[in-house]
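upload34.txt follows; it contains compact mmCIF, C-alpha atoms and all ligand atoms.
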```
# COMPACT_ATOMS: atom_id res chain seq x y z
CA MET A 1 -19.37 1.75 15.93
CA GLY A 2 -16.28 3.91 16.18
CA LYS A 3 -15.20 6.90 14.18
CA PHE A 4 -13.25 4.83 11.67
CA THR A 5 -14.79 1.92 9.77
CA LEU A 6 -13.34 -1.00 7.86
CA MET A 7 -13.09 -0.09 4.16
CA ALA A 8 -15.05 -2.23 1.74
CA LEU A 9 -12.90 -4.01 -0.83
CA PRO A 10 -13.57 -2.59 -4.32
CA TYR A 11 -13.66 -6.14 -5.78
CA ALA A 12 -14.86 -9.62 -4.84
CA ILE A 13 -12.93 -11.43 -2.09
CA ASP A 14 -11.66 -13.99 -4.65
CA ALA A 15 -11.03 -11.49 -7.48
CA LEU A 16 -7.26 -11.35 -7.00
CA GLU A 17 -6.65 -15.10 -7.17
CA PRO A 18 -4.25 -16.73 -7.73
CA VAL A 19 -1.87 -13.85 -6.88
CA ILE A 20 -3.62 -13.05 -3.57
CA SER A 21 -5.89 -15.87 -2.45
CA LYS A 22 -9.36 -15.50 -0.98
CA GLN A 23 -8.00 -16.89 2.28
CA THR A 24 -5.23 -14.29 2.44
CA LEU A 25 -7.72 -11.48 1.79
CA GLU A 26 -10.09 -12.87 4.43
CA PHE A 27 -7.32 -12.62 7.00
CA HIS A 28 -5.51 -9.55 5.70
CA HIS A 29 -8.60 -7.38 5.22
CA GLY A 30 -11.13 -9.07 7.51
CA LYS A 31 -8.81 -9.73 10.48
CA HIS A 32 -5.60 -7.67 10.32
CA LEU A 33 -7.02 -4.42 8.94
CA ALA A 34 -10.21 -4.83 11.00
CA ALA A 35 -8.07 -5.14 14.14
CA TYR A 36 -6.18 -1.91 13.34
CA VAL A 37 -9.52 -0.10 12.90
CA ASN A 38 -10.90 -1.47 16.17
CA ASN A 39 -7.66 -0.69 18.00
CA LEU A 40 -7.56 2.92 16.76
CA ASN A 41 -11.20 3.52 17.66
CA GLY A 42 -10.47 2.20 21.14
CA LEU A 43 -7.47 4.49 21.57
CA LEU A 44 -9.02 7.72 20.23
CA GLU A 45 -10.90 8.91 23.31
CA GLY A 46 -8.71 11.26 25.29
CA SER A 47 -5.93 11.14 22.69
CA GLY A 48 -6.54 14.65 21.39
CA PHE A 49 -7.10 13.23 17.91
CA GLU A 50 -10.85 12.61 18.19
CA GLU A 51 -11.64 15.14 15.43
CA SER A 52 -8.59 14.54 13.23
CA THR A 53 -8.47 12.94 9.80
CA LEU A 54 -6.51 9.74 9.34
CA GLU A 55 -3.67 11.59 7.55
CA GLU A 56 -3.50 14.21 10.32
CA ILE A 57 -3.21 11.44 12.90
CA VAL A 58 -0.46 9.71 10.89
CA CYS A 59 1.51 12.97 10.62
CA GLN A 60 1.04 14.18 14.20
CA SER A 61 0.56 11.29 16.65
CA ALA A 62 2.86 8.75 18.31
CA GLY A 63 2.79 5.33 19.94
CA GLY A 64 -0.20 3.03 19.54
CA VAL A 65 -2.40 5.69 17.95
CA LEU A 66 0.21 6.27 15.25
CA ASN A 67 0.87 2.58 14.63
CA ASN A 68 -2.80 1.70 14.16
CA ALA A 69 -3.64 4.82 12.13
CA GLY A 70 -0.61 4.26 9.91
CA GLN A 71 -1.61 0.69 9.22
CA ILE A 72 -5.17 1.77 8.33
CA LEU A 73 -3.93 4.40 5.87
CA ASN A 74 -1.34 2.00 4.40
CA HIS A 75 -3.84 -0.82 3.90
CA GLU A 76 -6.51 1.43 2.38
CA LEU A 77 -4.01 2.62 -0.23
CA TYR A 78 -2.83 -0.97 -0.76
CA PHE A 79 -6.20 -2.67 -1.20
CA GLU A 80 -7.58 0.15 -3.40
CA GLN A 81 -4.78 -0.20 -5.96
CA PHE A 82 -5.62 -3.78 -7.03
CA CYS A 83 -8.01 -5.13 -9.60
CA GLY A 84 -8.71 -8.69 -10.72
CA LYS A 85 -8.49 -8.00 -14.44
CA PRO A 86 -6.61 -4.72 -14.98
CA ALA A 87 -7.41 -2.82 -18.17
CA LYS A 88 -3.70 -2.18 -18.74
CA THR A 89 -0.46 -3.73 -17.57
CA ALA A 90 1.54 -0.49 -17.42
CA PRO A 91 0.75 3.17 -16.73
CA THR A 92 0.18 5.67 -19.53
CA GLY A 93 0.17 9.46 -19.74
CA PRO A 94 1.94 11.75 -17.24
CA LEU A 95 2.72 8.94 -14.78
CA ALA A 96 4.36 6.84 -17.49
CA GLU A 97 6.38 9.86 -18.63
CA ALA A 98 7.51 10.60 -15.06
CA ILE A 99 8.54 6.96 -14.49
CA THR A 100 10.69 6.99 -17.64
CA ARG A 101 12.16 10.38 -16.68
CA ASP A 102 12.98 9.46 -13.07
CA PHE A 103 13.91 5.74 -13.37
CA GLY A 104 14.98 5.33 -17.02
CA SER A 105 12.21 2.92 -18.01
CA PHE A 106 9.15 1.13 -16.64
CA GLU A 107 11.18 -2.10 -16.43
CA ALA A 108 13.97 -0.36 -14.48
CA PHE A 109 11.37 1.13 -12.12
CA LYS A 110 9.77 -2.26 -11.47
CA GLU A 111 13.17 -3.83 -10.83
CA GLU A 112 14.17 -1.17 -8.28
CA PHE A 113 10.75 -1.26 -6.58
CA GLN A 114 10.84 -5.05 -6.22
CA LYS A 115 14.44 -5.00 -5.01
CA LYS A 116 13.59 -2.44 -2.32
CA GLY A 117 10.62 -4.58 -1.28
CA ALA A 118 12.67 -7.77 -1.17
CA THR A 119 15.54 -6.22 0.84
CA LEU A 120 13.43 -4.38 3.44
CA PHE A 121 14.45 -6.13 6.66
CA GLY A 122 11.54 -7.24 8.85
CA SER A 123 8.05 -5.75 8.48
CA GLY A 124 7.21 -2.69 6.43
CA TRP A 125 6.20 -1.26 3.10
CA VAL A 126 7.86 -0.19 -0.13
CA TRP A 127 6.36 2.93 -1.72
CA LEU A 128 6.32 4.89 -4.93
CA SER A 129 5.61 8.52 -4.03
CA ALA A 130 5.58 11.95 -5.64
CA ASP A 131 6.82 15.23 -4.22
CA ARG A 132 5.02 18.53 -4.87
CA ALA A 133 6.93 19.02 -8.14
CA GLY A 134 5.78 15.62 -9.38
CA THR A 135 9.19 14.00 -9.02
CA LEU A 136 8.96 10.31 -8.15
CA CYS A 137 10.88 8.36 -5.54
CA ILE A 138 10.89 4.85 -4.05
CA THR A 139 11.21 4.52 -0.28
CA GLN A 140 11.28 1.69 2.25
CA GLU A 141 9.13 2.48 5.28
CA PRO A 142 9.39 0.32 8.42
CA ASN A 143 6.39 -1.10 10.28
CA ALA A 144 3.43 1.31 9.94
CA ALA A 145 5.22 4.34 8.46
CA ASN A 146 3.77 6.19 5.44
CA PRO A 147 5.41 8.68 3.02
CA VAL A 148 2.88 11.40 4.00
CA GLN A 149 5.03 11.76 7.12
CA LYS A 150 7.79 13.06 4.79
CA GLY A 151 5.48 15.43 2.90
CA LEU A 152 5.20 13.03 -0.04
CA THR A 153 2.07 11.78 -1.83
CA PRO A 154 1.93 7.96 -1.82
CA LEU A 155 1.04 6.45 -5.21
CA LEU A 156 1.72 2.71 -5.05
CA THR A 157 2.72 0.32 -2.29
CA PHE A 158 3.65 -3.31 -1.68
CA ASP A 159 3.03 -4.63 1.84
CA VAL A 160 5.98 -6.80 2.87
CA TRP A 161 4.66 -7.82 6.29
CA GLU A 162 4.56 -11.62 6.24
CA HIS A 163 0.77 -11.61 6.76
CA ALA A 164 0.46 -10.20 3.21
CA TYR A 165 1.91 -13.28 1.51
CA TYR A 166 2.74 -16.13 3.86
CA LEU A 167 -0.37 -18.26 3.20
CA ASP A 168 0.23 -18.08 -0.57
CA PHE A 169 4.02 -17.83 -0.94
CA GLN A 170 5.44 -18.80 2.49
CA ASN A 171 9.00 -17.42 2.68
CA ARG A 172 9.17 -16.50 -1.03
CA ARG A 173 8.65 -12.76 -0.67
CA PRO A 174 10.36 -11.89 -4.01
CA ASP A 175 8.02 -14.25 -5.90
CA HIS A 176 5.00 -12.63 -4.25
CA LEU A 177 6.25 -9.15 -5.14
CA SER A 178 6.87 -10.00 -8.79
CA ALA A 179 3.36 -11.52 -9.04
CA LEU A 180 1.70 -8.35 -7.73
CA TRP A 181 2.36 -6.39 -10.95
CA SER A 182 -0.34 -8.41 -12.74
CA ILE A 183 -3.12 -7.14 -10.45
CA ILE A 184 -2.20 -3.43 -10.20
CA ASP A 185 -4.99 -1.09 -11.30
CA TRP A 186 -2.82 1.56 -12.97
CA GLU A 187 -5.80 3.86 -13.41
CA VAL A 188 -5.98 4.19 -9.61
CA VAL A 189 -2.25 4.97 -9.42
CA GLU A 190 -2.52 7.49 -12.27
CA LEU A 191 -5.39 9.27 -10.47
CA ARG A 192 -3.26 9.55 -7.31
CA TYR A 193 -0.44 11.03 -9.37
CA GLY A 194 -2.82 13.54 -10.94
CA LYS A 195 -3.98 14.68 -7.48
CA ALA A 196 -0.38 14.91 -6.21
CA ARG A 197 0.40 17.50 -8.88
CA MET A 198 -2.66 19.72 -8.25
MN MN B 201 -0.75 -5.84 5.85
```

Please, can you express the file's structure as structure tokens?
Ligand code: MN
Amino acid sequence: MGKFTLMALPYAIDALEPVISKQTLEFHHGKHLAAYVNNLNGLLEGSGFEESTLEEIVCQSAGGVLNNAGQILNHELYFEQFCGKPAKTAPTGPLAEAITRDFGSFEAFKEEFQKKGATLFGSGWVWLSADRAGTLCITQEPNAANPVQKGLTPLLTFDVWEHAYYLDFQNRRPDHLSALWSIIDWEVVELRYGKARM
């Protein structure tokens, strides 16, 4: 056992079907994320980051340590934000107000977020983040990058690495991204926004 462990999914392995199949989750969580955890644990000794938190490693390290730590942080945020049967299909409260203020409407936000996910060249992640004032922004981050490296608080993310969708959608990344909205647990995203503003 290493310092970091594979997160447990907060839902059943088939809970996100048909948007994300059981088979995709078995590979994405059980193989890809597990490999990043094993890789990071193997690289920690002698790295100087043995006592650091995951976020500290993502903000301060480089090379293989950074790539594996970044992918662990990214995937934990990604898998935690889903739910098989979400209680609501859109955010409410302060997050909803901020989305309307900063993007015009929830529909306009979704359109921009999906577009930035669809047009990210190669592997990476599209993020909704908040700055310390609570202002929202959408960024494209390549490979294993995370908005915490820019001093932002990540709220919501779509993984656009092909391993996230290829078994279910093959080359149709935009179709995968538009399907993801139906399994977002907005209560998780709202909680992240609440913490970002504290
Ligand atoms: Mn992934």

Could you please extract the residues within 12 Å of ligand MN 201 (chain B), counting all atoms listed in the file, and hand them back as a VMD selection string?
chain A and resid 24 to 36 68 70 to 79 123 to 126 143 to 144 157 to 166

Got time to write the residues from that selection, C-alpha atoms, as a PDB file, keeping the file's coordinate frame?
```
ATOM      1  CA  THR A  24      -5.230 -14.290   2.440  1.00  0.00           C
ATOM      2  CA  LEU A  25      -7.720 -11.480   1.790  1.00  0.00           C
ATOM      3  CA  GLU A  26     -10.090 -12.870   4.430  1.00  0.00           C
ATOM      4  CA  PHE A  27      -7.320 -12.620   7.000  1.00  0.00           C
ATOM      5  CA  HIS A  28      -5.510  -9.550   5.700  1.00  0.00           C
ATOM      6  CA  HIS A  29      -8.600  -7.380   5.220  1.00  0.00           C
ATOM      7  CA  GLY A  30     -11.130  -9.070   7.510  1.00  0.00           C
ATOM      8  CA  LYS A  31      -8.810  -9.730  10.480  1.00  0.00           C
ATOM      9  CA  HIS A  32      -5.600  -7.670  10.320  1.00  0.00           C
ATOM     10  CA  LEU A  33      -7.020  -4.420   8.940  1.00  0.00           C
ATOM     11  CA  ALA A  34     -10.210  -4.830  11.000  1.00  0.00           C
ATOM     12  CA  ALA A  35      -8.070  -5.140  14.140  1.00  0.00           C
ATOM     13  CA  TYR A  36      -6.180  -1.910  13.340  1.00  0.00           C
ATOM     14  CA  ASN A  68      -2.800   1.700  14.160  1.00  0.00           C
ATOM     15  CA  GLY A  70      -0.610   4.260   9.910  1.00  0.00           C
ATOM     16  CA  GLN A  71      -1.610   0.690   9.220  1.00  0.00           C
ATOM     17  CA  ILE A  72      -5.170   1.770   8.330  1.00  0.00           C
ATOM     18  CA  LEU A  73      -3.930   4.400   5.870  1.00  0.00           C
ATOM     19  CA  ASN A  74      -1.340   2.000   4.400  1.00  0.00           C
ATOM     20  CA  HIS A  75      -3.840  -0.820   3.900  1.00  0.00           C
ATOM     21  CA  GLU A  76      -6.510   1.430   2.380  1.00  0.00           C
ATOM     22  CA  LEU A  77      -4.010   2.620  -0.230  1.00  0.00           C
ATOM     23  CA  TYR A  78      -2.830  -0.970  -0.760  1.00  0.00           C
ATOM     24  CA  PHE A  79      -6.200  -2.670  -1.200  1.00  0.00           C
ATOM     25  CA  SER A 123       8.050  -5.750   8.480  1.00  0.00           C
ATOM     26  CA  GLY A 124       7.210  -2.690   6.430  1.00  0.00           C
ATOM     27  CA  TRP A 125       6.200  -1.260   3.100  1.00  0.00           C
ATOM     28  CA  VAL A 126       7.860  -0.190  -0.130  1.00  0.00           C
ATOM     29  CA  ASN A 143       6.390  -1.100  10.280  1.00  0.00           C
ATOM     30  CA  ALA A 144       3.430   1.310   9.940  1.00  0.00           C
ATOM     31  CA  THR A 157       2.720   0.320  -2.290  1.00  0.00           C
ATOM     32  CA  PHE A 158       3.650  -3.310  -1.680  1.00  0.00           C
ATOM     33  CA  ASP A 159       3.030  -4.630   1.840  1.00  0.00           C
ATOM     34  CA  VAL A 160       5.980  -6.800   2.870  1.00  0.00           C
ATOM     35  CA  TRP A 161       4.660  -7.820   6.290  1.00  0.00           C
ATOM     36  CA  GLU A 162       4.560 -11.620   6.240  1.00  0.00           C
ATOM     37  CA  HIS A 163       0.770 -11.610   6.760  1.00  0.00           C
ATOM     38  CA  ALA A 164       0.460 -10.200   3.210  1.00  0.00           C
ATOM     39  CA  TYR A 165       1.910 -13.280   1.510  1.00  0.00           C
ATOM     40  CA  TYR A 166       2.740 -16.130   3.860  1.00  0.00           C
TER      41      TYR A 166
END
```

Excluding Cys83 of chain A and residues on its chain fewer than 2 positions from it, collect all residues at most 8 Å away from it, counting all atoms listed in the file, and give them as a PyMOL selection string.
chain A and resi 11+15-16+81+85-86+183-185

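For the atom pair formed by atom CA of Asp102 of chain A and atom CA of Thr135 of chain A, the distance is 7.2 Å, given to one decimal.
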
Could you list, with a cut-off of 12 Å and counting all atoms listed in the file, the residues of segment 142-193 of chain A near segment 107-110 of chain A, each shown with its nearest atom pair and the distance in Å rounded to one decimal, rows sorted by chain and ascending number, as a Markdown table?
```
| residue | atom | partner | partner_atom | distance |
| --- | --- | --- | --- | --- |
| A:Leu156 | CA | A:Lys110 | CA | 11.4 |
| A:Thr157 | CA | A:Lys110 | CA | 11.9 |
| A:Phe158 | CA | A:Lys110 | CA | 11.6 |
| A:Leu177 | CA | A:Lys110 | CA | 10.0 |
| A:Ser178 | CA | A:Lys110 | CA | 8.7 |
| A:Ala179 | CA | A:Lys110 | CA | 11.5 |
| A:Leu180 | CA | A:Lys110 | CA | 10.8 |
| A:Trp181 | CA | A:Lys110 | CA | 8.5 |
| A:Ser182 | CA | A:Lys110 | CA | 11.9 |
```

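Counting only C-alpha atoms, the residue from A:Phe82, A:Gly2, A:Thr139, A:Asn146 that sits nearest to Ile20 of chain A is A:Phe82.
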
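One distance worth recording is that between atom CA of Ser61 of chain A and atom CA of Leu43 of chain A, which is 11.6 Å.
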
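Between Asn39 of chain A and the candidates A:Ala90, A:Leu128, A:Ala12, A:Leu66, the tightest atom-to-atom separation, counting only C-alpha atoms, involves A:Leu66.
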
Just the number, please: distance in Å from atom CA of Gly93 of chain A to atom CA of Leu155 of chain A, one decimal.
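Those two atoms sit 14.9 Å apart.
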
Mind checking which residues fall within 10 Å of Tyr193 of chain A, counting only C-alpha atoms, ignoring those fewer than 3 positions away in the same chain, and posting them as a list in words?
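Listing them by chain and then by number gives Pro94, Leu95, Ala98, Ser129, Ala130, Asp131, Gly134, Leu136, Thr153, Pro154, Leu155, Leu156, Glu187, Val188, Val189, Glu190, Ala196, Arg197 and Met198 of chain A.
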
Hey, which of A:Asp168, A:Arg192, A:Glu80, A:Gly122 ends up closest to Glu17 of chain A? Count all atoms listed in the file.
A:Asp168

From the list A:Glu56, A:Glu97, A:Glu141, A:Asp14, the nearest residue to Thr119 of chain A using only C-alpha atoms is A:Glu141

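For the set A:Pro174, A:Val37, A:Phe49, A:Gly84, the residue with the smallest atom-to-atom gap to Lys22 of chain A is A:Gly84, counting all atoms listed in the file.
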
Output as JSON the centre and edge lengths (Å, one decimal) of the box along x, y and z of the file that holds every listed atom of segment 31-43 of chain A after adding 6 Å on each side.
```
{"center_x": -8.4, "center_y": -2.6, "center_z": 15.3, "size_x": 17.6, "size_y": 26.2, "size_z": 24.6}
```

Could you check the closest approach to Pro142 of chain A for each of A:Gln23, A:Asn38, A:Thr100, A:Asn67 and tell me which residue wins, using all atoms listed in the file?
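Checking each of A:Gln23, A:Asn38, A:Thr100, A:Asn67 against Pro142 of chain A, counting all atoms listed in the file, the winner is A:Asn67.
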